[in-house]
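Single-structure report; data block below.
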Amino acid sequence: MDKAILDAVASGAYIMGAPVKELERLLAEYAGVKHCITCANGTDALTLALKAWGIGPGDAVFVPDFTFFSSAEVVPLEGATPVFVDVCEDTFNLDAADLERAVKEVLAEGRLRPRVVVAVDLFGLPADYPAIRAVADKYGLFVLEDGAQGFGGSIEGKRACSFGDISTTSFFPAKPVGCYGDGGAVFTDNDQWAALIESYRVHGKGAFKYDNVRIGLNSRLDTVQAAVLQVKLKAFEEYELDAVNVAADRYTERLQGLATPVVPQGFRSSWAQYTLRLAGPGQRDALQASLKAAGIPSMVYYPKPMHLQTAFAPSRAICPVATSLCGRVLSLPMHPYITEEDINTVCSAVINAIK
Ligand SMILES: *Cc1c(COP(=O)(O)O)cnc(C)c1O
């Protein structure tokens with residue numbers, strides 16, 4: 001890692017140096033997608049996708065109610081309207097049946113055009129793409145896979161960041177593949193969208209840098225981060241993804257009887273988080289306090305559903321599952337280097353606290 005960073009610095013090509021193109025090739029190959037365009041962060045990656053599709057005022061973009069703010073934040077930035085959809089209790093991911101209900105409601109109202117569904121691979125688990133794709137095809141929606149937490153996950157061997165018409169990821173340090181700062185990437189098989197995204201990434205460039213044909217962003221991935229990510233991607237492929245799956249299995253085995261995360265048949269998670277569902281806010285908060293007293297960190301992802309975020313209010317969405325999950329979830333320490341001993345310590349503390 002030290003050598004990769006120092007080589008990138010010594011090259012002097014801090015912006016769009018050779019490691020950027022090489023990383024894009026490696027990422028596209030890993031995800032099994034024709035084009036990968038890196039960018040400054042996972043939020044910009046979503047924005048670049050919406051720009052490539054020309055999403056704007058009058059367009060409805062369906063977003064799960066239980067996710068990180070970015071998944072929905074990018075929608076009003078383009079002048080479009082987010083419509084919040086409920087999630088599944090067991091996987092935390094978008095509920096395809098509720099998506100269809102929401103699309104029908106928007107059509108019946110006749111005020112907005114249904115255009116895109118943002119499917120989030122929450123906590124590392126791919127969303128239910130077979131079911132989501134069926135609804136998207138029926139109503140002519142683009143599928144935008146927000147794989148910020150999902151890189152490395154798969155369904156029947158097909159990898160995350162290949163499920164959307166356009167897919168995105170984030171290299172924020174805490175994601176399954178993190179860099180030493182901010183970073184992101186966009187994936188697509190479509191040549192035309194890939195070319196548009198390359199242009200939007202650099203100020204809407206045309207044939208050359210000082211020929212600007214559209215209003216774009218400054219959203220490049222730094223050369224140093226690309227060099228870091230090449231090293232991280234290799235470790236991820238060779239052992240980190242397997243290691244988090246071993247850790248998750250250990251947690252699930254030792255926490256039998258609790259509502260541990262569900263991974264459907266044929267799915268593989270990259271375990272961005274390992275998240276328990278408790279009985280309610282009382283039990284969850286007491287458990288978190290008792291872990292804290294034992295020196296064990298834990299986090300609530302996410303304490304507030306999208307439709308209740310002040311920035312989106314007032315929203316008429318009713319997403320009972322997402323709302324209930326916000327009061328009951330707790331994420332335990334999870335990373336590829338967690339030891340069996342640490343997992344045992346955490347599990348004993350959880351079990352004692354709940355008793
Ligand atoms: C982290 C995250 C993003 C945004 O990524 P940044 O690189 O932090 O901009 C988007 N969506 C989800 C689901 C995320 O977890």
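Every chain in the structure tokens takes a letter, A first, then B, and so on in the order presented; its residues are numbered from 1, and the ligands are numbered from 1 following the presented order.
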Considering only strand (DSSP E) as DSSP defines it on the backbone, what residues of region 61-176 of chain A qualify? List them as a ChimeraX atom specification. /A:61-64,81-85,113-120,142-146,154-155,158-159,166-170
Could you write those residues out with N, CA and C atoms, as a compact mmCIF listing (two decimals), in the first residue's frame?
```txt
# COMPACT_ATOMS: atom_id res chain seq x y z
N VAL A 61 -39.24 9.35 -9.01
CA VAL A 61 -38.16 8.38 -8.78
C VAL A 61 -38.47 7.65 -7.47
N PHE A 62 -38.64 6.33 -7.55
CA PHE A 62 -39.04 5.53 -6.41
C PHE A 62 -37.81 5.11 -5.63
N VAL A 63 -37.83 5.37 -4.31
CA VAL A 63 -36.66 5.15 -3.45
C VAL A 63 -37.12 4.43 -2.19
N PRO A 64 -36.35 3.43 -1.73
CA PRO A 64 -36.74 2.79 -0.47
C PRO A 64 -36.72 3.79 0.69
N THR A 81 -38.99 14.21 -8.32
CA THR A 81 -39.68 13.99 -7.05
C THR A 81 -39.44 12.57 -6.53
N PRO A 82 -38.89 12.44 -5.30
CA PRO A 82 -38.74 11.10 -4.73
C PRO A 82 -40.08 10.58 -4.21
N VAL A 83 -40.36 9.33 -4.49
CA VAL A 83 -41.57 8.69 -3.95
C VAL A 83 -41.08 7.51 -3.11
N PHE A 84 -41.41 7.53 -1.82
CA PHE A 84 -40.83 6.55 -0.91
C PHE A 84 -41.64 5.26 -0.89
N VAL A 85 -40.90 4.15 -0.90
CA VAL A 85 -41.49 2.82 -1.00
C VAL A 85 -41.04 2.02 0.22
N ARG A 113 -44.54 11.53 -13.90
CA ARG A 113 -44.25 10.37 -14.77
C ARG A 113 -43.33 9.42 -14.02
N PRO A 114 -43.74 8.15 -13.81
CA PRO A 114 -42.82 7.18 -13.18
C PRO A 114 -41.65 6.90 -14.12
N ARG A 115 -40.42 7.12 -13.66
CA ARG A 115 -39.26 6.97 -14.55
C ARG A 115 -38.19 6.00 -14.04
N VAL A 116 -37.90 6.06 -12.73
CA VAL A 116 -36.74 5.30 -12.21
C VAL A 116 -37.09 4.66 -10.87
N VAL A 117 -36.56 3.45 -10.63
CA VAL A 117 -36.57 2.91 -9.27
C VAL A 117 -35.11 2.79 -8.82
N VAL A 118 -34.82 3.39 -7.66
CA VAL A 118 -33.50 3.24 -7.03
C VAL A 118 -33.60 2.03 -6.11
N ALA A 119 -32.88 0.97 -6.46
CA ALA A 119 -32.88 -0.23 -5.63
C ALA A 119 -31.57 -0.24 -4.85
N VAL A 120 -31.67 -0.22 -3.52
CA VAL A 120 -30.47 -0.12 -2.68
C VAL A 120 -30.10 -1.52 -2.18
N PHE A 142 -36.53 2.73 -15.43
CA PHE A 142 -35.12 2.37 -15.36
C PHE A 142 -34.84 1.86 -13.95
N VAL A 143 -33.96 0.85 -13.86
CA VAL A 143 -33.49 0.38 -12.55
C VAL A 143 -32.12 1.00 -12.28
N LEU A 144 -32.03 1.77 -11.19
CA LEU A 144 -30.75 2.33 -10.75
C LEU A 144 -30.34 1.58 -9.49
N GLU A 145 -29.31 0.75 -9.60
CA GLU A 145 -28.83 -0.01 -8.43
C GLU A 145 -27.90 0.88 -7.62
N ASP A 146 -28.32 1.23 -6.39
CA ASP A 146 -27.44 1.94 -5.46
C ASP A 146 -26.66 0.88 -4.69
N SER A 154 -23.81 -10.85 -4.33
CA SER A 154 -24.19 -11.51 -5.59
C SER A 154 -25.52 -12.23 -5.45
N ILE A 155 -26.12 -12.52 -6.62
CA ILE A 155 -27.32 -13.37 -6.69
C ILE A 155 -27.02 -14.45 -7.72
N LYS A 158 -24.11 -13.88 -9.96
CA LYS A 158 -24.06 -12.60 -10.70
C LYS A 158 -23.80 -11.49 -9.68
N ARG A 159 -22.81 -10.65 -9.98
CA ARG A 159 -22.33 -9.73 -8.95
C ARG A 159 -23.09 -8.41 -8.87
N ILE A 166 -28.22 1.19 -14.87
CA ILE A 166 -26.99 1.81 -14.40
C ILE A 166 -26.87 1.44 -12.92
N SER A 167 -25.66 1.11 -12.47
CA SER A 167 -25.42 0.79 -11.06
C SER A 167 -24.32 1.70 -10.55
N THR A 168 -24.33 1.91 -9.23
CA THR A 168 -23.33 2.81 -8.65
C THR A 168 -22.76 2.18 -7.38
N THR A 169 -21.57 2.65 -7.00
CA THR A 169 -21.06 2.26 -5.69
C THR A 169 -20.29 3.43 -5.07
N SER A 170 -19.90 3.25 -3.81
CA SER A 170 -19.15 4.26 -3.06
C SER A 170 -17.91 3.60 -2.48
```
Where does chain A meet ligand 1 within 6 Å, residue by residue, with the nearest atom pair and distance in Å to one decimal for each, counting only C-alpha atoms and all ligand atoms, listed by chain and rising number, as JSON lines?
```
{"residue": "A:Asn41", "atom": "CA", "partner": "ligand 1", "partner_atom_place_in_ligand_line": "7 (O)", "distance": 3.8}
{"residue": "A:Gly42", "atom": "CA", "partner": "ligand 1", "partner_atom_place_in_ligand_line": "7 (O)", "distance": 3.5}
{"residue": "A:Thr43", "atom": "CA", "partner": "ligand 1", "partner_atom_place_in_ligand_line": "9 (O)", "distance": 3.7}
{"residue": "A:Thr67", "atom": "CA", "partner": "ligand 1", "partner_atom_place_in_ligand_line": "13 (C)", "distance": 5.5}
{"residue": "A:Phe68", "atom": "CA", "partner": "ligand 1", "partner_atom_place_in_ligand_line": "13 (C)", "distance": 4.8}
{"residue": "A:Ser70", "atom": "CA", "partner": "ligand 1", "partner_atom_place_in_ligand_line": "10 (C)", "distance": 4.7}
{"residue": "A:Ser71", "atom": "CA", "partner": "ligand 1", "partner_atom_place_in_ligand_line": "11 (N)", "distance": 4.8}
{"residue": "A:Val120", "atom": "CA", "partner": "ligand 1", "partner_atom_place_in_ligand_line": "13 (C)", "distance": 5.8}
{"residue": "A:Asp146", "atom": "CA", "partner": "ligand 1", "partner_atom_place_in_ligand_line": "11 (N)", "distance": 5.8}
{"residue": "A:Ala148", "atom": "CA", "partner": "ligand 1", "partner_atom_place_in_ligand_line": "14 (C)", "distance": 4.7}
{"residue": "A:Gln149", "atom": "CA", "partner": "ligand 1", "partner_atom_place_in_ligand_line": "15 (O)", "distance": 5.2}
{"residue": "A:Ser170", "atom": "CA", "partner": "ligand 1", "partner_atom_place_in_ligand_line": "7 (O)", "distance": 4.3}
{"residue": "A:Phe171", "atom": "CA", "partner": "ligand 1", "partner_atom_place_in_ligand_line": "7 (O)", "distance": 5.8}
{"residue": "A:Phe172", "atom": "CA", "partner": "ligand 1", "partner_atom_place_in_ligand_line": "7 (O)", "distance": 4.8}
{"residue": "A:Asp182", "atom": "CA", "partner": "ligand 1", "partner_atom_place_in_ligand_line": "7 (O)", "distance": 5.9}
{"residue": "A:Gly183", "atom": "CA", "partner": "ligand 1", "partner_atom_place_in_ligand_line": "7 (O)", "distance": 5.8}
{"residue": "A:Gly184", "atom": "CA", "partner": "ligand 1", "partner_atom_place_in_ligand_line": "7 (O)", "distance": 5.7}
```
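Among the candidates A:Leu276, A:Ala49, A:Val244, A:Ala259, the residue lying nearest to Gln192 (chain A) is A:Ala49 (atoms considered: only C-alpha atoms).
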Asn245 (chain A): which residues within 8 Å, counting only C-alpha atoms, same-chain residues fewer than 4 positions away excluded, as number ranges by chain? A: 241, 249, 269-271
Output N, CA and C atoms for every residue in that selection, as a PDB file, in the first residue's frame.
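Okay, this is what ended up in selection_13.pdb:
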```
ATOM      1  N   LEU A 241     -13.656 -10.500   1.417  1.00  0.00           N
ATOM      2  CA  LEU A 241     -15.073 -10.848   1.223  1.00  0.00           C
ATOM      3  C   LEU A 241     -15.398 -12.195   1.878  1.00  0.00           C
ATOM      4  N   ASP A 249     -21.371 -15.663   9.534  1.00  0.00           N
ATOM      5  CA  ASP A 249     -21.873 -16.995   9.902  1.00  0.00           C
ATOM      6  C   ASP A 249     -21.660 -17.265  11.394  1.00  0.00           C
ATOM      7  N   SER A 269     -24.062 -11.798   0.624  1.00  0.00           N
ATOM      8  CA  SER A 269     -23.919 -10.420   1.102  1.00  0.00           C
ATOM      9  C   SER A 269     -22.443 -10.062   1.221  1.00  0.00           C
ATOM     10  N   SER A 270     -22.139  -8.774   1.101  1.00  0.00           N
ATOM     11  CA  SER A 270     -20.763  -8.325   1.374  1.00  0.00           C
ATOM     12  C   SER A 270     -20.685  -7.679   2.759  1.00  0.00           C
ATOM     13  N   TRP A 271     -21.779  -7.786   3.543  1.00  0.00           N
ATOM     14  CA  TRP A 271     -21.781  -7.449   4.965  1.00  0.00           C
ATOM     15  C   TRP A 271     -21.201  -6.079   5.277  1.00  0.00           C
TER      16      TRP A 271
END
```
A:Ala293, A:Leu255, A:Ala174, A:Met1 ranked by distance to Lys232 (chain A), top pick (using only C-alpha atoms): A:Met1
Could you list, as a list in words, every residue within 10 Å of Ala353 (chain A), counting only C-alpha atoms and ignoring same-chain residues fewer than 3 positions away? Gln283, Ala286, Leu287, Gln288, Ala289, Ser290, Leu291, Cys347, Ser348, Ala349 and Val350 of chain A
The selected residues should be written to file as a CSV table (one decimal), in the first residue's frame (atoms: N, CA, C and O atoms).
```csv
chain,number,residue,atom,x,y,z
A,283,GLN,N,-36.0,-2.2,24.0
A,283,GLN,CA,-35.0,-3.3,24.1
A,283,GLN,C,-33.7,-2.9,23.3
A,283,GLN,O,-32.6,-3.2,23.7
A,286,ALA,N,-31.7,-0.2,25.3
A,286,ALA,CA,-31.1,-0.9,26.4
A,286,ALA,C,-29.9,-1.7,26.0
A,286,ALA,O,-28.9,-1.7,26.7
A,287,LEU,N,-30.1,-2.5,24.9
A,287,LEU,CA,-29.0,-3.3,24.4
A,287,LEU,C,-27.8,-2.4,24.1
A,287,LEU,O,-26.6,-2.7,24.4
A,288,GLN,N,-28.0,-1.4,23.3
A,288,GLN,CA,-26.9,-0.5,22.9
A,288,GLN,C,-26.2,0.1,24.1
A,288,GLN,O,-25.0,0.1,24.1
A,289,ALA,N,-27.0,0.5,25.1
A,289,ALA,CA,-26.4,1.1,26.3
A,289,ALA,C,-25.5,0.0,27.1
A,289,ALA,O,-24.4,0.3,27.5
A,290,SER,N,-26.0,-1.2,27.1
A,290,SER,CA,-25.3,-2.2,27.8
A,290,SER,C,-24.0,-2.6,27.1
A,290,SER,O,-23.0,-2.9,27.7
A,291,LEU,N,-24.1,-2.6,25.7
A,291,LEU,CA,-22.9,-2.9,24.9
A,291,LEU,C,-21.8,-1.8,25.1
A,291,LEU,O,-20.6,-2.0,25.3
A,347,CYS,N,-21.1,-11.4,21.2
A,347,CYS,CA,-22.3,-12.3,21.3
A,347,CYS,C,-22.7,-12.5,22.8
A,347,CYS,O,-23.9,-12.5,23.1
A,348,SER,N,-21.7,-12.8,23.6
A,348,SER,CA,-22.0,-13.0,25.1
A,348,SER,C,-22.6,-11.7,25.6
A,348,SER,O,-23.6,-11.8,26.4
A,349,ALA,N,-22.1,-10.6,25.3
A,349,ALA,CA,-22.6,-9.3,25.8
A,349,ALA,C,-24.1,-9.1,25.3
A,349,ALA,O,-24.9,-8.7,26.1
A,350,VAL,N,-24.3,-9.4,24.1
A,350,VAL,CA,-25.7,-9.3,23.5
A,350,VAL,C,-26.6,-10.2,24.2
A,350,VAL,O,-27.7,-9.8,24.7
```
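Proximity to Arg277 (chain A) at 9 Å, evaluated using only C-alpha atoms and with sequence-adjacent residues fewer than 6 positions away removed, yields Asp90, Leu258, Ala259, Thr260, Pro261, Arg284, Leu325, Arg328, Val329, Leu330 and Ser331 of chain A.
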For Gly56 (chain A), please output as an mmCIF file with all heavy atoms, in the first residue's frame all residues within 12 Å (counting only C-alpha atoms; exclusion window: fewer than 2 positions along the same chain).
```cif
data_model
loop_
_atom_site.group_PDB
_atom_site.id
_atom_site.type_symbol
_atom_site.label_atom_id
_atom_site.label_comp_id
_atom_site.auth_asym_id
_atom_site.auth_seq_id
_atom_site.Cartn_x
_atom_site.Cartn_y
_atom_site.Cartn_z
ATOM 1 N N THR A 47 -26.068 10.820 -8.960
ATOM 2 C CA THR A 47 -26.408 12.024 -9.731
ATOM 3 C C THR A 47 -26.037 11.850 -11.201
ATOM 4 O O THR A 47 -26.810 12.200 -12.100
ATOM 5 C CB THR A 47 -25.676 13.247 -9.131
ATOM 6 O OG1 THR A 47 -26.259 13.534 -7.867
ATOM 7 C CG2 THR A 47 -25.775 14.472 -10.018
ATOM 8 N N LEU A 50 -28.629 9.748 -12.972
ATOM 9 C CA LEU A 50 -29.882 10.479 -13.249
ATOM 10 C C LEU A 50 -29.677 11.473 -14.381
ATOM 11 O O LEU A 50 -30.571 11.663 -15.220
ATOM 12 C CB LEU A 50 -30.378 11.189 -11.979
ATOM 13 C CG LEU A 50 -30.777 10.286 -10.804
ATOM 14 C CD1 LEU A 50 -31.256 11.140 -9.623
ATOM 15 C CD2 LEU A 50 -31.863 9.284 -11.203
ATOM 16 N N LYS A 51 -28.499 12.104 -14.428
ATOM 17 C CA LYS A 51 -28.216 13.061 -15.510
ATOM 18 C C LYS A 51 -28.158 12.346 -16.865
ATOM 19 O O LYS A 51 -28.669 12.852 -17.863
ATOM 20 C CB LYS A 51 -26.906 13.808 -15.248
ATOM 21 C CG LYS A 51 -27.022 14.879 -14.170
ATOM 22 C CD LYS A 51 -25.795 15.782 -14.156
ATOM 23 C CE LYS A 51 -25.901 16.845 -13.077
ATOM 24 N NZ LYS A 51 -27.063 17.746 -13.247
ATOM 25 N N ALA A 52 -27.543 11.169 -16.889
ATOM 26 C CA ALA A 52 -27.431 10.426 -18.155
ATOM 27 C C ALA A 52 -28.819 10.100 -18.716
ATOM 28 O O ALA A 52 -29.018 10.071 -19.928
ATOM 29 C CB ALA A 52 -26.632 9.148 -17.950
ATOM 30 N N TRP A 53 -29.777 9.874 -17.814
ATOM 31 C CA TRP A 53 -31.142 9.558 -18.249
ATOM 32 C C TRP A 53 -32.001 10.820 -18.439
ATOM 33 O O TRP A 53 -33.176 10.707 -18.795
ATOM 34 C CB TRP A 53 -31.822 8.630 -17.230
ATOM 35 C CG TRP A 53 -31.293 7.229 -17.235
ATOM 36 C CD1 TRP A 53 -30.748 6.560 -18.292
ATOM 37 C CD2 TRP A 53 -31.263 6.310 -16.120
ATOM 38 N NE1 TRP A 53 -30.387 5.290 -17.912
ATOM 39 C CE2 TRP A 53 -30.695 5.105 -16.592
ATOM 40 C CE3 TRP A 53 -31.672 6.388 -14.782
ATOM 41 C CZ2 TRP A 53 -30.516 3.984 -15.763
ATOM 42 C CZ3 TRP A 53 -31.501 5.285 -13.970
ATOM 43 C CH2 TRP A 53 -30.922 4.096 -14.456
ATOM 44 N N GLY A 54 -31.436 11.965 -18.129
ATOM 45 C CA GLY A 54 -32.198 13.208 -18.288
ATOM 46 C C GLY A 54 -33.387 13.326 -17.342
ATOM 47 O O GLY A 54 -34.429 13.872 -17.698
ATOM 48 N N GLY A 58 -41.088 16.824 -12.925
ATOM 49 C CA GLY A 58 -42.221 16.031 -13.406
ATOM 50 C C GLY A 58 -41.967 14.532 -13.371
ATOM 51 O O GLY A 58 -42.874 13.736 -13.614
ATOM 52 N N ASP A 59 -40.723 14.147 -13.052
ATOM 53 C CA ASP A 59 -40.399 12.720 -13.008
ATOM 54 C C ASP A 59 -40.498 12.188 -11.582
ATOM 55 O O ASP A 59 -40.041 12.845 -10.637
ATOM 56 C CB ASP A 59 -38.974 12.477 -13.526
ATOM 57 C CG ASP A 59 -38.854 12.749 -15.023
ATOM 58 O OD1 ASP A 59 -39.892 12.716 -15.722
ATOM 59 O OD2 ASP A 59 -37.723 12.996 -15.493
ATOM 60 N N ALA A 60 -41.084 10.997 -11.457
ATOM 61 C CA ALA A 60 -41.133 10.313 -10.157
ATOM 62 C C ALA A 60 -39.998 9.293 -10.097
ATOM 63 O O ALA A 60 -39.809 8.508 -11.027
ATOM 64 C CB ALA A 60 -42.474 9.605 -9.973
ATOM 65 N N VAL A 61 -39.240 9.347 -9.012
ATOM 66 C CA VAL A 61 -38.157 8.381 -8.777
ATOM 67 C C VAL A 61 -38.474 7.651 -7.468
ATOM 68 O O VAL A 61 -38.604 8.280 -6.416
ATOM 69 C CB VAL A 61 -36.789 9.090 -8.709
ATOM 70 C CG1 VAL A 61 -35.677 8.094 -8.376
ATOM 71 C CG2 VAL A 61 -36.484 9.806 -10.022
ATOM 72 N N VAL A 74 -30.352 12.867 -4.142
ATOM 73 C CA VAL A 74 -29.975 13.198 -5.518
ATOM 74 C C VAL A 74 -31.191 13.481 -6.399
ATOM 75 O O VAL A 74 -31.051 14.124 -7.443
ATOM 76 C CB VAL A 74 -29.141 12.054 -6.143
ATOM 77 C CG1 VAL A 74 -27.822 11.902 -5.402
ATOM 78 C CG2 VAL A 74 -29.904 10.729 -6.137
ATOM 79 N N VAL A 75 -32.358 13.013 -5.987
ATOM 80 C CA VAL A 75 -33.552 13.129 -6.839
ATOM 81 C C VAL A 75 -34.031 14.583 -6.933
ATOM 82 O O VAL A 75 -34.117 15.133 -8.040
ATOM 83 C CB VAL A 75 -34.661 12.166 -6.348
ATOM 84 C CG1 VAL A 75 -35.940 12.363 -7.151
ATOM 85 C CG2 VAL A 75 -34.175 10.716 -6.424
ATOM 86 N N PRO A 76 -34.320 15.261 -5.805
ATOM 87 C CA PRO A 76 -34.705 16.684 -5.901
ATOM 88 C C PRO A 76 -33.589 17.574 -6.432
ATOM 89 O O PRO A 76 -33.872 18.631 -7.001
ATOM 90 C CB PRO A 76 -35.093 17.067 -4.474
ATOM 91 C CG PRO A 76 -34.784 15.921 -3.617
ATOM 92 C CD PRO A 76 -34.499 14.732 -4.443
ATOM 93 N N LEU A 77 -32.337 17.160 -6.279
ATOM 94 C CA LEU A 77 -31.235 17.949 -6.861
ATOM 95 C C LEU A 77 -31.401 18.057 -8.376
ATOM 96 O O LEU A 77 -30.992 19.053 -8.982
ATOM 97 C CB LEU A 77 -29.878 17.298 -6.558
ATOM 98 C CG LEU A 77 -29.135 17.781 -5.325
ATOM 99 C CD1 LEU A 77 -27.820 17.033 -5.167
ATOM 100 C CD2 LEU A 77 -28.871 19.279 -5.392
ATOM 101 N N GLU A 78 -31.995 17.036 -8.994
ATOM 102 C CA GLU A 78 -32.244 17.076 -10.442
ATOM 103 C C GLU A 78 -33.619 17.668 -10.757
ATOM 104 O O GLU A 78 -34.052 17.658 -11.912
ATOM 105 C CB GLU A 78 -32.131 15.667 -11.042
ATOM 106 C CG GLU A 78 -30.758 15.042 -10.904
ATOM 107 C CD GLU A 78 -29.641 15.934 -11.407
ATOM 108 O OE1 GLU A 78 -29.675 16.334 -12.582
ATOM 109 O OE2 GLU A 78 -28.741 16.275 -10.611
ATOM 110 N N GLY A 79 -34.334 18.103 -9.715
ATOM 111 C CA GLY A 79 -35.664 18.691 -9.931
ATOM 112 C C GLY A 79 -36.779 17.667 -9.981
ATOM 113 O O GLY A 79 -37.941 18.010 -10.180
ATOM 114 N N ALA A 80 -36.439 16.400 -9.799
ATOM 115 C CA ALA A 80 -37.440 15.332 -9.827
ATOM 116 C C ALA A 80 -37.996 15.090 -8.419
ATOM 117 O O ALA A 80 -37.532 15.701 -7.449
ATOM 118 C CB ALA A 80 -36.825 14.054 -10.391
ATOM 119 N N THR A 81 -38.987 14.207 -8.317
ATOM 120 C CA THR A 81 -39.681 13.991 -7.047
ATOM 121 C C THR A 81 -39.435 12.575 -6.530
ATOM 122 O O THR A 81 -39.738 11.601 -7.226
ATOM 123 C CB THR A 81 -41.200 14.194 -7.241
ATOM 124 O OG1 THR A 81 -41.394 15.508 -7.774
ATOM 125 C CG2 THR A 81 -41.961 14.052 -5.933
ATOM 126 N N PRO A 82 -38.886 12.442 -5.304
ATOM 127 C CA PRO A 82 -38.738 11.098 -4.732
ATOM 128 C C PRO A 82 -40.080 10.585 -4.211
ATOM 129 O O PRO A 82 -40.838 11.351 -3.602
ATOM 130 C CB PRO A 82 -37.753 11.309 -3.581
ATOM 131 C CG PRO A 82 -37.850 12.748 -3.214
ATOM 132 C CD PRO A 82 -38.385 13.502 -4.401
ATOM 133 N N LEU A 112 -47.173 13.076 -11.927
ATOM 134 C CA LEU A 112 -45.758 12.771 -12.202
ATOM 135 C C LEU A 112 -45.659 11.572 -13.141
ATOM 136 O O LEU A 112 -46.546 10.728 -13.176
ATOM 137 C CB LEU A 112 -45.039 12.422 -10.891
ATOM 138 C CG LEU A 112 -45.003 13.478 -9.793
ATOM 139 C CD1 LEU A 112 -44.495 12.867 -8.486
ATOM 140 C CD2 LEU A 112 -44.123 14.658 -10.201
ATOM 141 N N ARG A 113 -44.537 11.528 -13.900
ATOM 142 C CA ARG A 113 -44.253 10.372 -14.766
ATOM 143 C C ARG A 113 -43.327 9.418 -14.016
ATOM 144 O O ARG A 113 -42.216 9.802 -13.653
ATOM 145 C CB ARG A 113 -43.494 10.816 -16.027
ATOM 146 C CG ARG A 113 -44.319 11.473 -17.109
ATOM 147 C CD ARG A 113 -43.431 11.772 -18.330
ATOM 148 N NE ARG A 113 -42.199 12.492 -17.976
ATOM 149 C CZ ARG A 113 -42.113 13.835 -17.876
ATOM 150 N NH1 ARG A 113 -43.157 14.596 -18.121
ATOM 151 N NH2 ARG A 113 -40.964 14.401 -17.543
ATOM 152 N N PRO A 114 -43.738 8.150 -13.806
ATOM 153 C CA PRO A 114 -42.823 7.179 -13.179
ATOM 154 C C PRO A 114 -41.649 6.896 -14.116
ATOM 155 O O PRO A 114 -41.853 6.514 -15.262
ATOM 156 C CB PRO A 114 -43.682 5.922 -13.006
ATOM 157 C CG PRO A 114 -45.103 6.401 -13.104
ATOM 158 C CD PRO A 114 -45.078 7.565 -14.048
ATOM 159 N N ARG A 115 -40.417 7.116 -13.665
ATOM 160 C CA ARG A 115 -39.256 6.975 -14.552
ATOM 161 C C ARG A 115 -38.195 5.996 -14.044
ATOM 162 O O ARG A 115 -37.616 5.258 -14.825
ATOM 163 C CB ARG A 115 -38.575 8.351 -14.744
ATOM 164 C CG ARG A 115 -39.368 9.409 -15.473
ATOM 165 C CD ARG A 115 -39.532 9.144 -16.960
ATOM 166 N NE ARG A 115 -38.284 8.884 -17.672
ATOM 167 C CZ ARG A 115 -37.420 9.813 -18.090
ATOM 168 N NH1 ARG A 115 -37.655 11.090 -17.861
ATOM 169 N NH2 ARG A 115 -36.329 9.469 -18.747
ATOM 170 N N VAL A 116 -37.904 6.060 -12.730
ATOM 171 C CA VAL A 116 -36.737 5.303 -12.207
ATOM 172 C C VAL A 116 -37.095 4.658 -10.869
ATOM 173 O O VAL A 116 -37.818 5.259 -10.077
ATOM 174 C CB VAL A 116 -35.533 6.261 -11.957
ATOM 175 C CG1 VAL A 116 -34.335 5.512 -11.368
ATOM 176 C CG2 VAL A 116 -35.120 6.997 -13.230
#
```
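Residues in contact with region 303-320 of chain A at up to 7 Å, not including ones fewer than 5 positions away on its chain and judged by only C-alpha atoms, are Asp65, Phe66, Phe69, Phe84, Val85, Asp86, Cys326 and Gly327 of chain A.
Between CA of Leu141 (chain A) and CA of Val202 (chain A) there is a distance of 27.2 Å.
The nearest approach to Val231 (chain A) among the residues A:Ala243, A:Leu94, A:Cys179, A:Ala272, with only C-alpha atoms taken into account, belongs to A:Cys179.
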